[in-house]
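For reference, the structure discussed in these notes is given below.
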Amino acid sequence: MPPIRDSRERWGLVSILIHWLTVLAILFMGGLGLYMTSLPIGAEKVQLYALHKSLGISLLALVLFRLLWRLLNPRPALPPMPRWQRIAAHASHGLLYLLLIAIPLSGWVMNSAANFPLVWFGLIELPAIAAPDPGLRALAGEVHEALYWLLLLIALVHASAALKHHLHDRDHVLRNMLGLGPARPRP
Ligand code: HEM
Ligand code: HEM
């Protein structure tokens with residue numbers, strides 16, 4: 001079992017659980033978003049929109065917590081690799097975090113511009129972050145969807161890189177995020 005906190009050697013339990021929970025949540029939220037918009041107007045649609053928004057806000061909070069946790073913990077060192085790969089890894093991780101924030105935020109802007117209330121799981125009323133504006137609503141909707149596809153594309157490259165480390169370079173990068181680290185390079 002990995003320790004709770006991250007170290008220079010390995011990812012800790014909190015970061016690992018949040019990483020894989022985020023992966024599941026992103027896939028679920030995307031499926032839900034595409035499904036609910038295809039439904040005819042009715043009770044199911046209204047309920048699924050409410051669920052999508054509440055889960056999306058929860059995911060935003062989780063990512064913000066993850067970033068705070070990241071600030072408070074050292075990070076495992078990457079194995080030796082060419083400079084361009086190191087830069088690509090950092091850039092893609094930064095971009096993934098940026099998208100994980102921009103997608104729910106654009107949803108929130110869309111919802112505010114449509115002048116709909118936002119009540120987190122029927123419990124906490126969240127403020128509007130934009131004034132009512134049909135043009136902004138449409139724009140935020142386009143941005144919301146486009147950023148989602150961009151996230152999936154980058155995540156696909158990211159996952160391929162993780163598999164390449166595991167299968168080709170035979171290093172510890174993926175094992176570490178699976179909680180099996182800190183493994184030395186496999187023989
Ligand atoms: C990370 C979390 C989220 C993901 C991955 C996500 C993804 C998606 C996707 C793929 C769609 C369908 C495509 C589209 O019509 O835009 C969608 C629709 C939608 N999302 Fe999200 N979303 C997230 C968070 C949110 C949040 C926090 C809100 C509002 C507070 C929100 C509000 C909406 C709305 C209102 C629609 C329907 C747009 C329409 O009727 O055309 N989403 N979302
Ligand atoms: C929606 C899908 C995904 C998202 C949004 C995502 C996001 C991220 C982010 C932001 C990091 C950087 C962590 C940090 O430095 O704080 C990361 C690391 C990592 N991810 Fe993902 N990920 C996704 C899917 C996957 C998949 C499918 C795999 C495996 C096949 C994977 C394997 C890894 C590994 C091994 C690391 C650690 C890299 C390192 O040690 O620097 N990820 N991921």
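We name chains A, B, ... following the order of the structure tokens; residues begin at 1 in each chain, and ligands are numbered from 1 as shown.
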As a PDB file with all heavy atoms, in the first residue's frame, which residues of region 101-168 of chain A does DSSP assign to strand (DSSP E or B)?
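Below is the file selection_34.pdb, written as the result:
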ATOM      1  N   LEU A 118     -28.084  27.304 -10.056  1.00  0.00           N
ATOM      2  CA  LEU A 118     -27.139  26.198  -9.911  1.00  0.00           C
ATOM      3  C   LEU A 118     -27.135  25.803  -8.437  1.00  0.00           C
ATOM      4  O   LEU A 118     -26.608  26.514  -7.587  1.00  0.00           O
ATOM      5  CB  LEU A 118     -25.737  26.644 -10.359  1.00  0.00           C
ATOM      6  CG  LEU A 118     -24.636  25.593 -10.300  1.00  0.00           C
ATOM      7  CD1 LEU A 118     -25.009  24.364 -11.120  1.00  0.00           C
ATOM      8  CD2 LEU A 118     -23.317  26.163 -10.826  1.00  0.00           C
ATOM      9  N   VAL A 119     -27.797  24.676  -8.155  1.00  0.00           N
ATOM     10  CA  VAL A 119     -27.908  24.229  -6.760  1.00  0.00           C
ATOM     11  C   VAL A 119     -27.222  22.869  -6.656  1.00  0.00           C
ATOM     12  O   VAL A 119     -27.689  21.901  -7.239  1.00  0.00           O
ATOM     13  CB  VAL A 119     -29.387  24.130  -6.317  1.00  0.00           C
ATOM     14  CG1 VAL A 119     -29.471  23.888  -4.811  1.00  0.00           C
ATOM     15  CG2 VAL A 119     -30.144  25.399  -6.682  1.00  0.00           C
ATOM     16  N   TRP A 120     -26.112  22.844  -5.933  1.00  0.00           N
ATOM     17  CA  TRP A 120     -25.279  21.646  -5.854  1.00  0.00           C
ATOM     18  C   TRP A 120     -26.030  20.541  -5.105  1.00  0.00           C
ATOM     19  O   TRP A 120     -26.299  20.677  -3.933  1.00  0.00           O
ATOM     20  CB  TRP A 120     -23.957  22.003  -5.160  1.00  0.00           C
ATOM     21  CG  TRP A 120     -22.958  20.903  -5.104  1.00  0.00           C
ATOM     22  CD1 TRP A 120     -22.153  20.465  -6.106  1.00  0.00           C
ATOM     23  CD2 TRP A 120     -22.638  20.101  -3.960  1.00  0.00           C
ATOM     24  NE1 TRP A 120     -21.361  19.437  -5.674  1.00  0.00           N
ATOM     25  CE2 TRP A 120     -21.631  19.188  -4.363  1.00  0.00           C
ATOM     26  CE3 TRP A 120     -23.100  20.049  -2.642  1.00  0.00           C
ATOM     27  CZ2 TRP A 120     -21.091  18.246  -3.480  1.00  0.00           C
ATOM     28  CZ3 TRP A 120     -22.561  19.114  -1.765  1.00  0.00           C
ATOM     29  CH2 TRP A 120     -21.565  18.240  -2.205  1.00  0.00           C
ATOM     30  N   ILE A 124     -26.773  23.290  -1.936  1.00  0.00           N
ATOM     31  CA  ILE A 124     -26.073  24.568  -1.797  1.00  0.00           C
ATOM     32  C   ILE A 124     -26.252  25.375  -3.069  1.00  0.00           C
ATOM     33  O   ILE A 124     -25.904  24.895  -4.159  1.00  0.00           O
ATOM     34  CB  ILE A 124     -24.568  24.346  -1.531  1.00  0.00           C
ATOM     35  CG1 ILE A 124     -24.362  23.503  -0.287  1.00  0.00           C
ATOM     36  CG2 ILE A 124     -23.833  25.684  -1.404  1.00  0.00           C
ATOM     37  CD1 ILE A 124     -22.928  23.089  -0.055  1.00  0.00           C
ATOM     38  N   GLU A 125     -26.794  26.577  -2.926  1.00  0.00           N
ATOM     39  CA  GLU A 125     -26.994  27.410  -4.103  1.00  0.00           C
ATOM     40  C   GLU A 125     -25.692  28.140  -4.432  1.00  0.00           C
ATOM     41  O   GLU A 125     -25.121  28.829  -3.586  1.00  0.00           O
ATOM     42  CB  GLU A 125     -28.126  28.410  -3.842  1.00  0.00           C
ATOM     43  CG  GLU A 125     -28.378  29.242  -5.067  1.00  0.00           C
ATOM     44  CD  GLU A 125     -29.782  29.817  -5.121  1.00  0.00           C
ATOM     45  OE1 GLU A 125     -30.583  29.535  -4.214  1.00  0.00           O
ATOM     46  OE2 GLU A 125     -30.041  30.561  -6.083  1.00  0.00           O
ATOM     47  N   LEU A 126     -25.223  27.973  -5.655  1.00  0.00           N
ATOM     48  CA  LEU A 126     -23.975  28.629  -6.063  1.00  0.00           C
ATOM     49  C   LEU A 126     -24.308  29.886  -6.852  1.00  0.00           C
ATOM     50  O   LEU A 126     -25.313  29.929  -7.581  1.00  0.00           O
ATOM     51  CB  LEU A 126     -23.135  27.662  -6.914  1.00  0.00           C
ATOM     52  CG  LEU A 126     -22.690  26.404  -6.158  1.00  0.00           C
ATOM     53  CD1 LEU A 126     -22.096  25.384  -7.101  1.00  0.00           C
ATOM     54  CD2 LEU A 126     -21.686  26.776  -5.085  1.00  0.00           C
TER      55      LEU A 126
END
Site check for ligand 2: residues at most 7 Å away, only C-alpha atoms and all ligand atoms, as a tab-separated table (two decimals) with all heavy atoms, in the first residue's frame:
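Output file part-v8.tsv follows:
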chain	number	residue	atom	x	y	z
A	19	HIS	N	-6.21	10.73	-9.23
A	19	HIS	CA	-5.93	10.56	-10.66
A	19	HIS	C	-6.93	9.62	-11.31
A	19	HIS	O	-7.58	9.95	-12.30
A	19	HIS	CB	-4.50	10.05	-10.89
A	19	HIS	CG	-4.18	9.82	-12.34
A	19	HIS	ND1	-4.34	8.60	-12.96
A	19	HIS	CD2	-3.76	10.67	-13.33
A	19	HIS	CE1	-4.01	8.71	-14.24
A	19	HIS	NE2	-3.65	9.96	-14.48
A	22	THR	N	-10.52	10.86	-11.31
A	22	THR	CA	-10.70	11.90	-12.33
A	22	THR	C	-10.89	11.26	-13.71
A	22	THR	O	-11.74	11.69	-14.48
A	22	THR	CB	-9.46	12.84	-12.37
A	22	THR	OG1	-9.23	13.33	-11.06
A	22	THR	CG2	-9.67	14.00	-13.31
A	23	VAL	N	-10.10	10.22	-14.00
A	23	VAL	CA	-10.24	9.55	-15.30
A	23	VAL	C	-11.67	9.02	-15.45
A	23	VAL	O	-12.34	9.26	-16.47
A	23	VAL	CB	-9.21	8.40	-15.43
A	23	VAL	CG1	-9.41	7.66	-16.74
A	23	VAL	CG2	-7.78	8.92	-15.33
A	26	ILE	N	-14.25	11.90	-15.76
A	26	ILE	CA	-14.24	12.60	-17.05
A	26	ILE	C	-14.98	11.78	-18.10
A	26	ILE	O	-15.80	12.30	-18.86
A	26	ILE	CB	-12.77	12.85	-17.49
A	26	ILE	CG1	-12.17	13.99	-16.70
A	26	ILE	CG2	-12.67	13.13	-18.98
A	26	ILE	CD1	-12.84	15.34	-16.97
A	27	LEU	N	-14.74	10.47	-18.10
A	27	LEU	CA	-15.42	9.63	-19.09
A	27	LEU	C	-16.93	9.61	-18.82
A	27	LEU	O	-17.75	9.73	-19.73
A	27	LEU	CB	-14.84	8.21	-19.06
A	27	LEU	CG	-13.37	8.11	-19.47
A	27	LEU	CD1	-12.86	6.69	-19.35
A	27	LEU	CD2	-13.19	8.62	-20.91
A	70	ARG	N	-0.79	19.06	-4.56
A	70	ARG	CA	0.43	19.01	-5.38
A	70	ARG	C	1.45	20.04	-4.87
A	70	ARG	O	2.65	19.79	-4.86
A	70	ARG	CB	0.04	19.31	-6.82
A	70	ARG	CG	1.07	18.95	-7.87
A	70	ARG	CD	0.47	19.28	-9.22
A	70	ARG	NE	1.18	18.63	-10.31
A	70	ARG	CZ	2.19	19.16	-10.95
A	70	ARG	NH1	2.63	20.35	-10.61
A	70	ARG	NH2	2.77	18.51	-11.93
A	76	PRO	N	7.28	12.76	-7.43
A	76	PRO	CA	8.25	11.74	-7.82
A	76	PRO	C	9.05	12.19	-9.04
A	76	PRO	O	8.47	12.79	-9.96
A	76	PRO	CB	7.40	10.52	-8.18
A	76	PRO	CG	6.01	10.85	-7.82
A	76	PRO	CD	5.89	12.30	-7.55
A	78	LEU	N	10.97	11.98	-12.51
A	78	LEU	CA	10.81	11.17	-13.72
A	78	LEU	C	12.12	10.42	-13.98
A	78	LEU	O	13.19	10.89	-13.59
A	78	LEU	CB	10.49	12.07	-14.91
A	78	LEU	CG	9.06	12.61	-14.96
A	78	LEU	CD1	8.93	13.67	-16.04
A	78	LEU	CD2	8.06	11.49	-15.21
A	89	ALA	N	6.08	16.11	-21.25
A	89	ALA	CA	5.34	15.56	-20.10
A	89	ALA	C	4.82	16.71	-19.23
A	89	ALA	O	3.62	16.76	-18.90
A	89	ALA	CB	6.24	14.65	-19.27
A	93	HIS	N	0.83	17.70	-18.80
A	93	HIS	CA	0.20	17.66	-17.48
A	93	HIS	C	-0.41	19.02	-17.15
A	93	HIS	O	-1.53	19.10	-16.63
A	93	HIS	CB	1.20	17.25	-16.40
A	93	HIS	CG	1.70	15.84	-16.56
A	93	HIS	ND1	2.80	15.35	-15.90
A	93	HIS	CD2	1.26	14.83	-17.33
A	93	HIS	CE1	2.99	14.08	-16.24
A	93	HIS	NE2	2.08	13.74	-17.12
A	94	GLY	N	0.33	20.10	-17.47
A	94	GLY	CA	-0.19	21.44	-17.21
A	94	GLY	C	-1.47	21.70	-18.00
A	94	GLY	O	-2.45	22.23	-17.48
A	96	LEU	N	-3.54	19.44	-19.16
A	96	LEU	CA	-4.63	18.61	-18.63
A	96	LEU	C	-5.27	19.29	-17.43
A	96	LEU	O	-6.50	19.39	-17.34
A	96	LEU	CB	-4.11	17.22	-18.25
A	96	LEU	CG	-3.84	16.26	-19.42
A	96	LEU	CD1	-3.08	15.02	-18.95
A	96	LEU	CD2	-5.13	15.85	-20.11
A	97	TYR	N	-4.44	19.81	-16.52
A	97	TYR	CA	-5.01	20.51	-15.36
A	97	TYR	C	-5.81	21.74	-15.80
A	97	TYR	O	-6.89	22.01	-15.27
A	97	TYR	CB	-3.90	20.94	-14.39
A	97	TYR	CG	-3.45	19.83	-13.46
A	97	TYR	CD1	-2.11	19.49	-13.33
A	97	TYR	CD2	-4.38	19.12	-12.71
A	97	TYR	CE1	-1.71	18.46	-12.47
A	97	TYR	CE2	-3.98	18.10	-11.86
A	97	TYR	CZ	-2.65	17.78	-11.75
A	97	TYR	OH	-2.27	16.77	-10.91
A	100	LEU	N	-9.07	20.60	-17.11
A	100	LEU	CA	-9.93	20.06	-16.04
A	100	LEU	C	-10.59	21.19	-15.25
A	100	LEU	O	-11.59	20.99	-14.57
A	100	LEU	CB	-9.10	19.18	-15.08
A	100	LEU	CG	-8.65	17.82	-15.65
A	100	LEU	CD1	-7.69	17.13	-14.70
A	100	LEU	CD2	-9.86	16.93	-15.93
A	152	LEU	N	-9.97	14.92	-24.31
A	152	LEU	CA	-9.90	13.49	-24.65
A	152	LEU	C	-8.70	13.21	-25.54
A	152	LEU	O	-8.00	12.21	-25.37
A	152	LEU	CB	-11.18	13.04	-25.36
A	152	LEU	CG	-12.39	12.76	-24.48
A	152	LEU	CD1	-13.42	11.96	-25.26
A	152	LEU	CD2	-12.02	12.02	-23.20
A	155	ALA	N	-5.57	13.43	-23.47
A	155	ALA	CA	-5.53	12.29	-22.53
A	155	ALA	C	-5.13	11.01	-23.27
A	155	ALA	O	-4.45	10.15	-22.72
A	155	ALA	CB	-6.88	12.12	-21.84
A	158	HIS	N	-1.47	11.20	-23.74
A	158	HIS	CA	-0.91	11.03	-22.40
A	158	HIS	C	-0.92	9.54	-21.99
A	158	HIS	O	0.09	9.00	-21.51
A	158	HIS	CB	-1.77	11.89	-21.47
A	158	HIS	CG	-1.64	11.66	-20.01
A	158	HIS	ND1	-0.59	12.14	-19.27
A	158	HIS	CD2	-2.45	11.01	-19.12
A	158	HIS	CE1	-0.77	11.79	-18.00
A	158	HIS	NE2	-1.88	11.11	-17.89
A	159	ALA	N	-2.05	8.87	-22.22
A	159	ALA	CA	-2.16	7.45	-21.84
A	159	ALA	C	-1.21	6.61	-22.71
A	159	ALA	O	-0.60	5.66	-22.23
A	159	ALA	CB	-3.60	6.98	-21.99
A	160	SER	N	-1.08	6.98	-24.00
A	160	SER	CA	-0.16	6.24	-24.87
A	160	SER	C	1.27	6.40	-24.38
A	160	SER	O	2.06	5.44	-24.41
A	160	SER	CB	-0.23	6.74	-26.32
A	160	SER	OG	-1.55	6.85	-26.72
A	162	ALA	N	2.16	6.88	-21.30
A	162	ALA	CA	2.30	6.06	-20.08
A	162	ALA	C	2.52	4.59	-20.46
A	162	ALA	O	3.37	3.91	-19.88
A	162	ALA	CB	1.04	6.20	-19.22
A	163	LEU	N	1.79	4.12	-21.46
A	163	LEU	CA	1.95	2.72	-21.89
A	163	LEU	C	3.31	2.49	-22.54
A	163	LEU	O	3.92	1.44	-22.37
A	163	LEU	CB	0.83	2.35	-22.87
A	163	LEU	CG	-0.54	2.18	-22.21
A	163	LEU	CD1	-1.61	1.87	-23.26
A	163	LEU	CD2	-0.50	1.07	-21.17
A	173	VAL	N	7.21	4.52	-14.43
A	173	VAL	CA	6.26	5.65	-14.47
A	173	VAL	C	4.80	5.20	-14.27
A	173	VAL	O	4.08	5.74	-13.42
A	173	VAL	CB	6.44	6.44	-15.79
A	173	VAL	CG1	5.31	7.44	-15.96
A	173	VAL	CG2	7.77	7.18	-15.77
A	174	LEU	N	4.36	4.20	-15.02
A	174	LEU	CA	2.96	3.75	-14.89
A	174	LEU	C	2.75	2.96	-13.60
A	174	LEU	O	1.75	3.16	-12.90
A	174	LEU	CB	2.56	2.92	-16.12
A	174	LEU	CG	1.13	2.37	-16.10
A	174	LEU	CD1	0.09	3.47	-15.98
A	174	LEU	CD2	0.85	1.54	-17.35
A	175	ARG	N	3.69	2.09	-13.29
A	175	ARG	CA	3.58	1.30	-12.04
A	175	ARG	C	3.41	2.23	-10.84
A	175	ARG	O	2.64	1.95	-9.93
A	175	ARG	CB	4.84	0.46	-11.83
A	175	ARG	CG	5.01	-0.71	-12.78
A	175	ARG	CD	6.35	-1.40	-12.55
A	175	ARG	NE	6.50	-1.82	-11.16
A	175	ARG	CZ	6.06	-2.97	-10.68
A	175	ARG	NH1	5.45	-3.82	-11.48
A	175	ARG	NH2	6.20	-3.26	-9.42
A	176	ASN	N	4.13	3.33	-10.89
A	176	ASN	CA	4.07	4.29	-9.78
A	176	ASN	C	2.65	4.86	-9.65
A	176	ASN	O	2.10	4.94	-8.54
A	176	ASN	CB	5.10	5.39	-10.05
A	176	ASN	CG	5.44	6.18	-8.80
A	176	ASN	OD1	4.82	5.97	-7.76
A	176	ASN	ND2	6.39	7.08	-8.92
A	177	MET	N	2.03	5.24	-10.77
A	177	MET	CA	0.68	5.82	-10.70
A	177	MET	C	-0.37	4.74	-10.39
A	177	MET	O	-1.49	5.06	-10.01
A	177	MET	CB	0.37	6.54	-12.02
A	177	MET	CG	-0.82	7.47	-11.99
A	177	MET	SD	-0.95	8.47	-10.49
A	177	MET	CE	-0.57	10.10	-11.08
### Query
Which chains and residue numbers are within 8 Å of ligand 1, counting only C-alpha atoms and all ligand atoms, if I want them as number ranges by chain?
A: 25-37, 49, 52-60, 100-101, 103-111, 118, 141-146, 148-149
#### Entry: Counting only C-alpha atoms, the residue of A:Leu95, A:Leu123, A:Ile129, A:Ala114 that sits nearest Leu153 (chain A)
A:Leu95
#### Entry: Expected answer as an NGL selection string: alpha helix (DSSP H) residues in chain A
:A and (13-38 or 43-72 or 83-113 or 134-164 or 173-177)
### Query
If you count only C-alpha atoms, which residues fall within 10 Å of Pro3 (chain A), apart from same-chain ones fewer than 5 positions away, as a ChimeraX atom specification?
/A:10-14,179
### Task
Could you check how far CA of Gly181 (chain A) sits from CA of Met81 (chain A), in Å to one decimal?
18.3 Å
### Query
Hey, can you check how far CA of Leu17 (chain A) sits from CA of Phe65 (chain A)?
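Distance reported for this atom pair: 12.5 Å.
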### Message
Between A:Leu98, A:Ala161, A:Leu39, A:Ala88, which residue has the minimum interatomic distance to Leu64 (chain A), considering only C-alpha atoms?
### Response
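Answer, going by the shortest atom-to-atom distance: A:Leu98.
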